[in-house]
$ cat model-v3.txt   # compact mmCIF, C-alpha atoms
# COMPACT_ATOMS: atom_id res chain seq x y z
CA MET A 1 -28.67 -65.58 38.50
CA LYS A 2 -25.12 -66.79 38.93
CA LYS A 3 -22.57 -65.72 36.34
CA GLU A 4 -19.37 -67.20 34.98
CA ALA A 5 -16.19 -65.16 34.79
CA ILE A 6 -13.31 -65.48 32.37
CA VAL A 7 -10.08 -63.86 33.53
CA LEU A 8 -7.18 -63.50 31.12
CA LEU A 9 -3.78 -63.54 32.84
CA ASN A 10 -0.57 -62.00 31.53
CA MET A 11 2.75 -60.59 32.66
CA GLY A 12 1.74 -56.95 32.31
CA GLY A 13 3.75 -53.86 31.57
CA PRO A 14 4.05 -50.30 32.82
CA ASN A 15 0.92 -48.18 32.31
CA ASN A 16 3.13 -45.10 32.63
CA LEU A 17 6.79 -44.26 33.22
CA ASN A 18 6.28 -44.15 36.99
CA GLU A 19 5.43 -47.88 36.94
CA VAL A 20 8.63 -49.01 35.22
CA GLU A 21 10.53 -49.58 38.48
CA MET A 22 7.49 -51.30 40.05
CA PHE A 23 7.31 -53.63 37.05
CA LEU A 24 10.97 -54.60 37.37
CA LYS A 25 10.85 -54.97 41.17
CA ASN A 26 7.79 -57.21 41.07
CA MET A 27 9.22 -59.34 38.26
CA PHE A 28 12.52 -59.96 39.96
CA ALA A 29 10.87 -60.61 43.32
CA ASP A 30 8.97 -63.52 41.75
CA LYS A 31 10.28 -66.85 43.06
CA ASN A 32 9.44 -68.43 39.71
CA ILE A 33 11.76 -65.97 37.93
CA LEU A 34 14.66 -65.88 40.38
CA THR A 35 14.55 -69.43 41.70
CA MET A 36 17.05 -69.25 44.58
CA LYS A 37 15.59 -70.68 47.81
CA SER A 38 16.70 -67.81 50.02
CA ASN A 39 14.31 -64.83 49.97
CA LEU A 40 17.16 -62.61 51.15
CA VAL A 41 19.41 -63.66 48.26
CA ARG A 42 16.53 -63.21 45.80
CA LYS A 43 15.90 -59.72 47.14
CA MET A 44 19.57 -58.79 46.84
CA VAL A 45 19.99 -60.18 43.32
CA GLY A 46 16.65 -58.74 42.20
CA GLY A 47 17.55 -55.34 43.60
CA LEU A 48 20.85 -55.36 41.73
CA ILE A 49 19.13 -56.27 38.44
CA VAL A 50 16.55 -53.52 38.91
CA PHE A 51 19.27 -50.98 39.69
CA ASN A 52 21.16 -51.93 36.52
CA ARG A 53 18.11 -52.04 34.24
CA ALA A 54 15.79 -49.27 35.49
CA GLU A 55 17.25 -46.37 33.52
CA ALA A 56 17.50 -48.28 30.23
CA SER A 57 13.99 -49.64 30.69
CA GLN A 58 12.65 -46.13 31.31
CA GLU A 59 14.15 -45.05 27.98
CA ILE A 60 12.59 -48.01 26.14
CA TYR A 61 9.10 -47.20 27.43
CA ARG A 62 9.64 -43.52 26.73
CA GLU A 63 10.30 -44.43 23.08
CA LEU A 64 7.15 -46.58 23.11
CA GLY A 65 5.06 -43.55 24.07
CA GLY A 66 5.50 -43.67 27.84
CA LYS A 67 3.86 -47.06 28.48
CA SER A 68 3.74 -50.70 27.43
CA PRO A 69 1.41 -51.53 24.54
CA ILE A 70 0.31 -54.73 26.30
CA VAL A 71 -2.44 -53.17 28.44
CA GLY A 72 -4.18 -51.38 25.56
CA HIS A 73 -4.17 -54.50 23.38
CA THR A 74 -5.46 -56.58 26.29
CA LYS A 75 -8.30 -54.16 27.00
CA ASN A 76 -9.34 -54.40 23.35
CA LEU A 77 -9.17 -58.18 23.51
CA VAL A 78 -11.31 -58.28 26.66
CA SER A 79 -13.86 -55.93 25.09
CA LYS A 80 -14.19 -58.07 21.95
CA LEU A 81 -14.41 -61.30 23.96
CA GLN A 82 -17.06 -59.75 26.22
CA LYS A 83 -19.09 -58.70 23.19
CA LYS A 84 -18.75 -62.17 21.70
CA LEU A 85 -19.91 -63.98 24.85
CA GLY A 86 -22.62 -61.60 26.01
CA GLU A 87 -23.79 -60.13 29.32
CA LYS A 88 -24.17 -63.41 31.20
CA PHE A 89 -20.37 -63.54 31.36
CA ILE A 90 -17.87 -61.35 33.15
CA VAL A 91 -14.67 -60.98 31.14
CA ASP A 92 -11.68 -59.33 32.80
CA PHE A 93 -7.90 -59.49 32.94
CA ALA A 94 -5.20 -59.47 35.60
CA MET A 95 -1.51 -58.69 35.24
CA ARG A 96 1.28 -60.30 37.21
CA TYR A 97 3.62 -57.35 37.76
CA THR A 98 1.62 -54.16 37.11
CA PRO A 99 -2.00 -53.03 37.58
CA PRO A 100 -4.57 -54.39 37.32
CA PHE A 101 -3.25 -56.93 39.82
CA ALA A 102 -4.97 -60.24 40.53
CA CYS A 103 -6.16 -59.11 43.97
CA GLU A 104 -7.87 -56.06 42.43
CA VAL A 105 -9.75 -58.28 39.99
CA VAL A 106 -10.68 -60.72 42.79
CA GLU A 107 -12.12 -57.78 44.74
CA LYS A 108 -14.26 -56.80 41.74
CA LEU A 109 -15.49 -60.36 41.26
CA ALA A 110 -16.46 -60.57 44.94
CA LYS A 111 -19.18 -58.01 44.23
CA GLU A 112 -20.73 -60.27 41.59
CA ASP A 113 -22.63 -63.53 42.01
CA VAL A 114 -19.99 -65.68 40.30
CA ASP A 115 -20.19 -69.46 40.33
CA LYS A 116 -17.13 -70.33 38.23
CA ILE A 117 -13.99 -68.44 37.24
CA TYR A 118 -12.13 -69.64 34.16
CA LEU A 119 -8.46 -68.64 34.25
CA ILE A 120 -6.75 -68.40 30.87
CA PRO A 121 -3.05 -67.45 31.01
CA LEU A 122 -2.21 -65.76 27.71
CA TYR A 123 0.96 -67.79 27.23
CA PRO A 124 0.62 -70.37 24.42
CA GLN A 125 3.28 -72.65 25.92
CA TYR A 126 3.52 -73.63 29.58
CA SER A 127 6.36 -72.39 31.74
CA THR A 128 6.84 -72.15 35.49
CA THR A 129 8.07 -68.57 34.92
CA THR A 130 4.84 -67.43 33.25
CA THR A 131 1.85 -69.78 33.43
CA LYS A 132 2.56 -71.22 36.86
CA SER A 133 3.46 -67.82 38.28
CA SER A 134 0.26 -66.16 37.01
CA LEU A 135 -2.04 -68.99 38.11
CA GLU A 136 -0.50 -69.22 41.58
CA ASP A 137 -0.76 -65.46 42.00
CA PHE A 138 -4.48 -65.34 41.14
CA GLU A 139 -5.34 -68.45 43.15
CA GLU A 140 -3.53 -67.14 46.23
CA CYS A 141 -5.41 -63.85 46.04
CA TYR A 142 -8.73 -65.63 45.54
CA HIS A 143 -8.32 -68.06 48.41
CA LYS A 144 -7.26 -65.25 50.74
CA SER A 145 -10.46 -63.41 49.81
CA GLY A 146 -12.59 -66.30 51.04
CA GLY A 147 -14.41 -66.63 47.73
CA ASN A 148 -16.22 -69.88 47.01
CA ALA A 149 -16.42 -69.93 43.21
CA LEU A 150 -14.85 -72.87 41.41
CA LEU A 151 -11.57 -71.97 39.72
CA VAL A 152 -10.96 -73.70 36.40
CA GLU A 153 -7.61 -73.28 34.68
CA ILE A 154 -5.85 -74.12 31.43
CA LYS A 155 -2.07 -74.40 31.25
CA HIS A 156 -1.33 -74.09 27.51
CA PHE A 157 -3.07 -73.76 24.17
CA PHE A 158 -0.35 -73.87 21.50
CA GLN A 159 -2.16 -76.81 19.86
CA ASN A 160 -5.40 -74.86 19.33
CA GLU A 161 -5.93 -74.72 15.56
CA THR A 162 -7.86 -71.44 15.56
CA TYR A 163 -5.13 -69.72 17.57
CA ASN A 164 -2.55 -71.02 15.12
CA ARG A 165 -4.66 -69.74 12.24
CA ALA A 166 -4.35 -66.30 13.88
CA VAL A 167 -0.57 -66.76 13.89
CA ILE A 168 -0.57 -67.82 10.23
CA GLN A 169 -2.77 -64.83 9.36
CA SER A 170 -0.29 -62.44 10.98
CA ILE A 171 2.61 -63.99 9.07
CA GLN A 172 0.67 -63.74 5.80
CA LYS A 173 -0.06 -60.05 6.43
CA THR A 174 3.61 -59.41 7.10
CA VAL A 175 4.76 -61.09 3.90
CA GLY A 176 1.97 -59.43 1.91
CA GLU A 177 2.50 -59.53 -1.85
CA SER A 178 6.15 -60.57 -1.54
CA GLU A 179 7.43 -64.02 -2.42
CA TYR A 180 7.81 -66.38 0.53
CA ARG A 181 10.93 -67.93 -1.02
CA ASP A 182 12.69 -64.58 -0.69
CA PHE A 183 12.53 -64.87 3.10
CA ASP A 184 13.59 -67.11 5.95
CA ILE A 185 11.23 -67.10 8.92
CA VAL A 186 12.51 -67.15 12.48
CA PHE A 187 10.16 -68.05 15.31
CA SER A 188 11.60 -66.06 18.19
CA ALA A 189 10.72 -67.32 21.66
CA HIS A 190 11.45 -65.60 24.94
CA GLY A 191 14.53 -67.23 26.39
CA LEU A 192 14.90 -69.00 29.74
CA PRO A 193 17.94 -69.93 31.81
CA GLN A 194 18.99 -73.48 30.97
CA LYS A 195 18.87 -74.40 34.67
CA ILE A 196 15.08 -73.80 34.73
CA ILE A 197 14.66 -76.21 31.81
CA ASP A 198 16.99 -78.72 33.48
CA ALA A 199 14.79 -78.52 36.59
CA GLY A 200 11.85 -79.86 34.59
CA ASP A 201 10.21 -76.86 32.92
CA VAL A 202 8.50 -78.09 29.71
CA TYR A 203 8.65 -74.73 27.94
CA GLU A 204 11.34 -75.69 25.42
CA LYS A 205 9.47 -78.90 24.50
CA HIS A 206 6.25 -76.94 23.99
CA VAL A 207 7.99 -74.33 21.83
CA ASN A 208 9.57 -77.04 19.66
CA ARG A 209 6.20 -78.76 19.20
CA HIS A 210 4.53 -75.45 18.41
CA VAL A 211 7.06 -74.67 15.68
CA GLU A 212 6.44 -78.10 14.11
CA ILE A 213 2.67 -77.48 14.10
CA LEU A 214 3.13 -74.09 12.44
CA LYS A 215 5.58 -75.49 9.87
CA GLU A 216 3.00 -78.06 8.84
CA MET A 217 0.26 -75.42 8.61
CA MET A 218 2.47 -73.11 6.53
CA GLN A 219 3.27 -75.96 4.18
CA LYS A 220 -0.45 -76.66 3.66
CA GLU A 221 -1.01 -72.94 2.99
CA GLY A 222 1.73 -72.88 0.36
CA MET A 223 3.87 -70.53 2.47
CA ALA A 224 7.17 -71.82 1.08
CA PHE A 225 9.76 -69.86 3.05
CA HIS A 226 13.36 -70.47 2.06
CA ASP A 227 13.93 -71.93 5.54
CA VAL A 228 12.31 -72.05 9.00
CA HIS A 229 14.24 -71.41 12.23
CA LEU A 230 13.75 -71.19 15.98
CA ALA A 231 15.73 -68.84 18.21
CA TYR A 232 15.51 -67.29 21.68
CA GLN A 233 15.58 -63.64 22.73
CA SER A 234 15.76 -61.51 25.89
CA LYS A 235 18.73 -63.08 27.68
CA VAL A 236 19.61 -61.43 31.00
CA GLY A 237 22.83 -62.01 32.96
CA ARG A 238 25.79 -64.31 32.42
CA MET A 239 24.29 -67.74 33.05
CA GLU A 240 23.60 -70.15 30.22
CA TRP A 241 20.26 -69.64 28.46
CA LEU A 242 18.38 -71.57 25.82
CA LYS A 243 20.15 -71.55 22.46
CA PRO A 244 20.49 -70.40 19.78
CA SER A 245 20.10 -66.75 20.60
CA LEU A 246 18.31 -64.67 18.01
CA GLU A 247 21.45 -62.63 17.37
CA ASP A 248 23.52 -65.77 16.73
CA LYS A 249 20.76 -67.21 14.53
CA LEU A 250 20.64 -64.06 12.38
CA LYS A 251 24.38 -64.44 11.76
CA THR A 252 23.79 -67.88 10.24
CA VAL A 253 20.73 -67.02 8.14
CA ARG A 254 21.18 -65.88 4.56
CA ASN A 255 20.91 -62.09 4.50
CA ARG A 256 18.34 -61.45 1.76
CA GLY A 257 15.19 -61.26 3.84
CA VAL A 258 13.92 -62.47 7.19
CA VAL A 259 10.51 -62.53 8.88
CA ILE A 260 10.36 -62.72 12.68
CA PHE A 261 7.35 -64.10 14.53
CA PRO A 262 7.33 -63.77 18.38
CA ILE A 263 6.04 -67.28 19.09
CA ALA A 264 5.93 -66.99 22.90
CA PHE A 265 3.73 -63.88 22.98
CA THR A 266 0.05 -63.46 22.21
CA VAL A 267 -0.05 -59.70 22.83
CA ASP A 268 2.52 -57.14 21.70
CA ASN A 269 4.74 -55.63 24.39
CA SER A 270 8.15 -54.01 24.75
CA GLU A 271 9.91 -57.23 23.77
CA THR A 272 8.10 -57.31 20.42
CA ASP A 273 7.63 -53.62 19.64
CA TYR A 274 11.07 -52.52 20.83
CA GLU A 275 13.46 -55.44 21.30
CA LEU A 276 12.48 -57.20 18.07
CA ASP A 277 11.35 -54.27 15.94
CA VAL A 278 14.04 -51.76 16.94
CA GLU A 279 17.09 -53.41 18.54
CA TYR A 280 17.23 -56.57 16.42
CA ARG A 281 16.34 -54.56 13.32
CA GLU A 282 19.56 -52.61 13.84
CA ILE A 283 21.50 -55.88 14.19
CA ALA A 284 19.91 -57.22 10.99
CA GLN A 285 20.77 -54.03 9.11
CA ASP A 286 24.39 -54.28 10.30
CA LEU A 287 24.44 -57.88 9.05
CA GLY A 288 23.28 -56.73 5.62
CA PHE A 289 19.69 -57.97 5.54
CA LYS A 290 17.79 -56.30 2.71
CA GLU A 291 14.45 -57.02 4.38
CA TYR A 292 13.71 -57.43 8.09
CA ARG A 293 10.05 -57.76 9.04
CA VAL A 294 8.48 -58.38 12.45
CA CYS A 295 4.99 -59.90 12.65
CA LYS A 296 2.40 -58.51 15.02
CA CYS A 297 1.10 -60.79 17.77
CA PRO A 298 -2.52 -61.97 17.48
CA ASN A 299 -3.51 -59.16 19.91
CA ASP A 300 -7.28 -58.67 19.58
CA SER A 301 -7.71 -60.35 16.18
CA ASP A 302 -11.05 -62.00 15.46
CA LEU A 303 -9.37 -65.39 15.21
CA PHE A 304 -7.74 -65.01 18.62
CA VAL A 305 -11.10 -64.05 20.14
CA GLU A 306 -12.63 -67.12 18.49
CA ALA A 307 -9.80 -69.27 19.86
CA LEU A 308 -10.42 -67.99 23.39
CA VAL A 309 -14.10 -68.91 23.08
CA GLU A 310 -13.06 -72.40 22.00
CA ILE A 311 -10.61 -72.66 24.90
CA TYR A 312 -13.34 -71.62 27.35
CA LYS A 313 -15.78 -74.18 25.92
CA LYS A 314 -13.14 -76.90 26.18
CA MET A 315 -12.50 -75.97 29.83
CA LYS A 316 -16.24 -76.03 30.48
CA SER A 317 -16.82 -79.48 28.97

$ encode --input "model-v3.txt" --output "structure tokens"
Amino acid sequence: MKKEAIVLLNMGGPNNLNEVEMFLKNMFADKNILTMKSNLVRKMVGGLIVFNRAEASQEIYRELGGKSPIVGHTKNLVSKLQKKLGEKFIVDFAMRYTPPFACEVVEKLAKEDVDKIYLIPLYPQYSTTTTKSSLEDFEECYHKSGGNALLVEIKHFFQNETYNRAVIQSIQKTVGESEYRDFDIVFSAHGLPQKIIDAGDVYEKHVNRHVEILKEMMQKEGMAFHDVHLAYQSKVGRMEWLKPSLEDKLKTVRNRGVVIFPIAFTVDNSETDYELDVEYREIAQDLGFKEYRVCKCPNDSDLFVEALVEIYKKMKS
């Protein structure tokens, strides 16, 4: 009897310290990340970035226990989704820049009698640098394999209410018994070069709409933060990126207490567990914040699993 497969797609992260350089090389070889038309120029620029970042990146992952947390969280998410859906489904995941790669997953699926493959990129908002890159990568591998299953894809899910309930739940856990009015909340999104947005990428529009949805939900829940902000993190290089940067935003926020939610990520990784929770914490402390709290991503929460089931059913209908 033919089965259906659900494949979760994400950026990935090093499974060990030996994969750090591979991760960086694959990321900066991606034409959706470095958008110059010349492959030679991309290779040169990418190589220079890797050379300048490899050692520092090694140290970050060493402090995170020698690997990215993204793979472990994703395995747990896949396991819970598999249990929820049952044996008639195949649930798996593929990473863009580190194992398991899309072609490895395609090879596994070729051994099964699969009729449809539902591709769910784990990026709430669409971007050419994430969603498009991951979908193209899987589709290219699948078509090269000669498979004949129908590929069904979704490009964003930031409007899914159950997913947003998972976000709200994480924020509530972070605030705990404290008073919301004692904190500002900053939704921190991964930054992008302004030129990618100017070329038509809808990411910034999706992030803005997502923040508005969450503001409305928080208001209904009585989560009366002193103020709500949006900022962007993870800038690389000298070119202009989306503004305001998180560092600049923190300088303008009152310094009593701040809660950070990583709005562009569904699964914790080095940019949440290290960049936000370590590097920006130091900045906040230098700025005199009495409280600096970073929310966990939905990861493998029950609400996120429920949201993925809803997303699958919507794709199926």

$ closest_residue --input "model-v3.txt" --among "A:Glu55, A:Asn148, A:Val236, A:Asp184" --to "Phe28 (chain A)" --atoms "only C-alpha atoms"
A:Val236

$ residues_around --input "model-v3.txt" --residues "Val71 (chain A)" --least-positions-apart "4" --cutoff "7 Å" --atoms "all atoms listed in the file" --output "list in words"
Gly12, Gly13 and Lys75 of chain A

$ residues_around --input "model-v3.txt" --residues "region 169-182 of chain A" --least-positions-apart "6" --cutoff "7 Å" --atoms "only C-alpha atoms" --output "PyMOL selection string"
chain A and resi 223-226+256-257+293+295-296+298

$ write_last_selection --input "model-v3.txt" --atoms "C-alpha atoms" --output "PDB file, in the coordinates of the input"
ATOM      1  CA  MET A 223       3.870 -70.530   2.470  1.00  0.00           C
ATOM      2  CA  ALA A 224       7.170 -71.820   1.080  1.00  0.00           C
ATOM      3  CA  PHE A 225       9.760 -69.860   3.050  1.00  0.00           C
ATOM      4  CA  HIS A 226      13.360 -70.470   2.060  1.00  0.00           C
ATOM      5  CA  ARG A 256      18.340 -61.450   1.760  1.00  0.00           C
ATOM      6  CA  GLY A 257      15.190 -61.260   3.840  1.00  0.00           C
ATOM      7  CA  ARG A 293      10.050 -57.760   9.040  1.00  0.00           C
ATOM      8  CA  CYS A 295       4.990 -59.900  12.650  1.00  0.00           C
ATOM      9  CA  LYS A 296       2.400 -58.510  15.020  1.00  0.00           C
ATOM     10  CA  PRO A 298      -2.520 -61.970  17.480  1.00  0.00           C
TER      11      PRO A 298
END

$ atom_distance --input "model-v3.txt" --atom1 "CA of His156 (chain A)" --atom2 "CA of Ala199 (chain A)"
19.0 Å

$ closest_residue --input "model-v3.txt" --among "A:Ile213, A:Phe183, A:Glu306, A:Ile283" --to "Arg254 (chain A)" --atoms "only C-alpha atoms"
A:Phe183

$ closest_atom_pairs --input "model-v3.txt" --of "region 261-302 of chain A" --to "region 124-128 of chain A" --cutoff "9 Å" --atoms "only C-alpha atoms" --output "CSV"
residue,atom,partner,partner_atom,distance
A:Ile263,CA,A:Pro124,CA,8.2
A:Ala264,CA,A:Pro124,CA,6.5
A:Phe265,CA,A:Pro124,CA,7.3
A:Thr266,CA,A:Pro124,CA,7.3

$ residues_around --input "model-v3.txt" --residues "Asn299 (chain A)" --least-positions-apart "4" --cutoff "10 Å" --atoms "all atoms listed in the file" --output "list of chain:residue names"
A:Ile70, A:Gly72, A:His73, A:Thr74, A:Lys75, A:Asn76, A:Leu77, A:Ala166, A:Phe265, A:Thr266, A:Val267, A:Asp268, A:Leu303, A:Phe304, A:Val305

$ residues_around --input "model-v3.txt" --residues "Phe23 (chain A)" --least-positions-apart "6" --cutoff "12 Å" --atoms "all atoms listed in the file" --output "MDAnalysis selection string"
chainID A and resid 11:17 29:30 46 50 53:54 57:58 61 67:68 95:101

$ residues_around --input "model-v3.txt" --residues "Cys141 (chain A)" --least-positions-apart "5" --cutoff "10 Å" --atoms "all atoms listed in the file" --output "compact mmCIF listing (two decimals) with C-alpha atoms, in the frame of the given file"
# COMPACT_ATOMS: atom_id res chain seq x y z
CA PHE A 101 -3.25 -56.93 39.82
CA ALA A 102 -4.97 -60.24 40.53
CA CYS A 103 -6.16 -59.11 43.97
CA GLU A 104 -7.87 -56.06 42.43
CA VAL A 105 -9.75 -58.28 39.99
CA VAL A 106 -10.68 -60.72 42.79
CA GLU A 107 -12.12 -57.78 44.74
CA GLU A 136 -0.50 -69.22 41.58
CA GLY A 146 -12.59 -66.30 51.04
CA GLY A 147 -14.41 -66.63 47.73

$ closest_residue --input "model-v3.txt" --among "A:Ser234, A:Thr130, A:Asn255, A:Asn18" --to "Gly288 (chain A)" --atoms "all atoms listed in the file"
A:Asn255

$ atom_distance --input "model-v3.txt" --atom1 "CA of Thr35 (chain A)" --atom2 "CA of Thr131 (chain A)"
15.2 Å

$ closest_residue --input "model-v3.txt" --among "A:Tyr142, A:Phe261, A:Tyr123, A:Phe187" --to "Cys297 (chain A)" --atoms "all atoms listed in the file"
A:Phe261

$ atom_distance --input "model-v3.txt" --atom1 "CA of Lys83 (chain A)" --atom2 "CA of Pro69 (chain A)"
21.8 Å

$ axis_aligned_box --input "model-v3.txt" --around "region 94-99 of chain A" --padding-each-side "3 Å" --output "AutoDock Vina command-line options"
--center_x -0.8 --center_y -56.7 --center_z 36.5 --size_x 14.8 --size_y 13.3 --size_z 8.5

$ closest_residue --input "model-v3.txt" --among "A:Ile168, A:Leu150, A:Leu64, A:Val278" --to "Lys220 (chain A)" --atoms "all atoms listed in the file"
A:Ile168

$ closest_residue --input "model-v3.txt" --among "A:Met22, A:Leu276, A:Leu9, A:Ile154" --to "Asp137 (chain A)" --atoms "only C-alpha atoms"
A:Leu9

$ residues_near_point --input "model-v3.txt" --point "(-18.8, -60.8, 42.5)" --cutoff "12 Å" --atoms "all atoms listed in the file" --output "list in words"
Met1, Lys2, Lys3, Glu4, Ala5, Phe89, Ile90, Glu104, Val105, Val106, Glu107, Lys108, Leu109, Ala110, Lys111, Glu112, Asp113, Val114, Asp115, Lys116, Ile117, Tyr142, Ser145, Gly146, Gly147, Asn148 and Ala149 of chain A

$ residues_near_point --input "model-v3.txt" --point "(18.8, -68.0, 29.4)" --cutoff "6 Å" --atoms "all atoms listed in the file" --output "mmCIF file with C-alpha atoms, keeping the file's coordinate frame"
data_model
loop_
_atom_site.group_PDB
_atom_site.id
_atom_site.type_symbol
_atom_site.label_atom_id
_atom_site.label_comp_id
_atom_site.auth_asym_id
_atom_site.auth_seq_id
_atom_site.Cartn_x
_atom_site.Cartn_y
_atom_site.Cartn_z
ATOM 1 C CA GLY A 191 14.530 -67.230 26.390
ATOM 2 C CA LEU A 192 14.900 -69.000 29.740
ATOM 3 C CA PRO A 193 17.940 -69.930 31.810
ATOM 4 C CA GLN A 194 18.990 -73.480 30.970
ATOM 5 C CA LYS A 235 18.730 -63.080 27.680
ATOM 6 C CA GLU A 240 23.600 -70.150 30.220
ATOM 7 C CA TRP A 241 20.260 -69.640 28.460
ATOM 8 C CA LEU A 242 18.380 -71.570 25.820
#
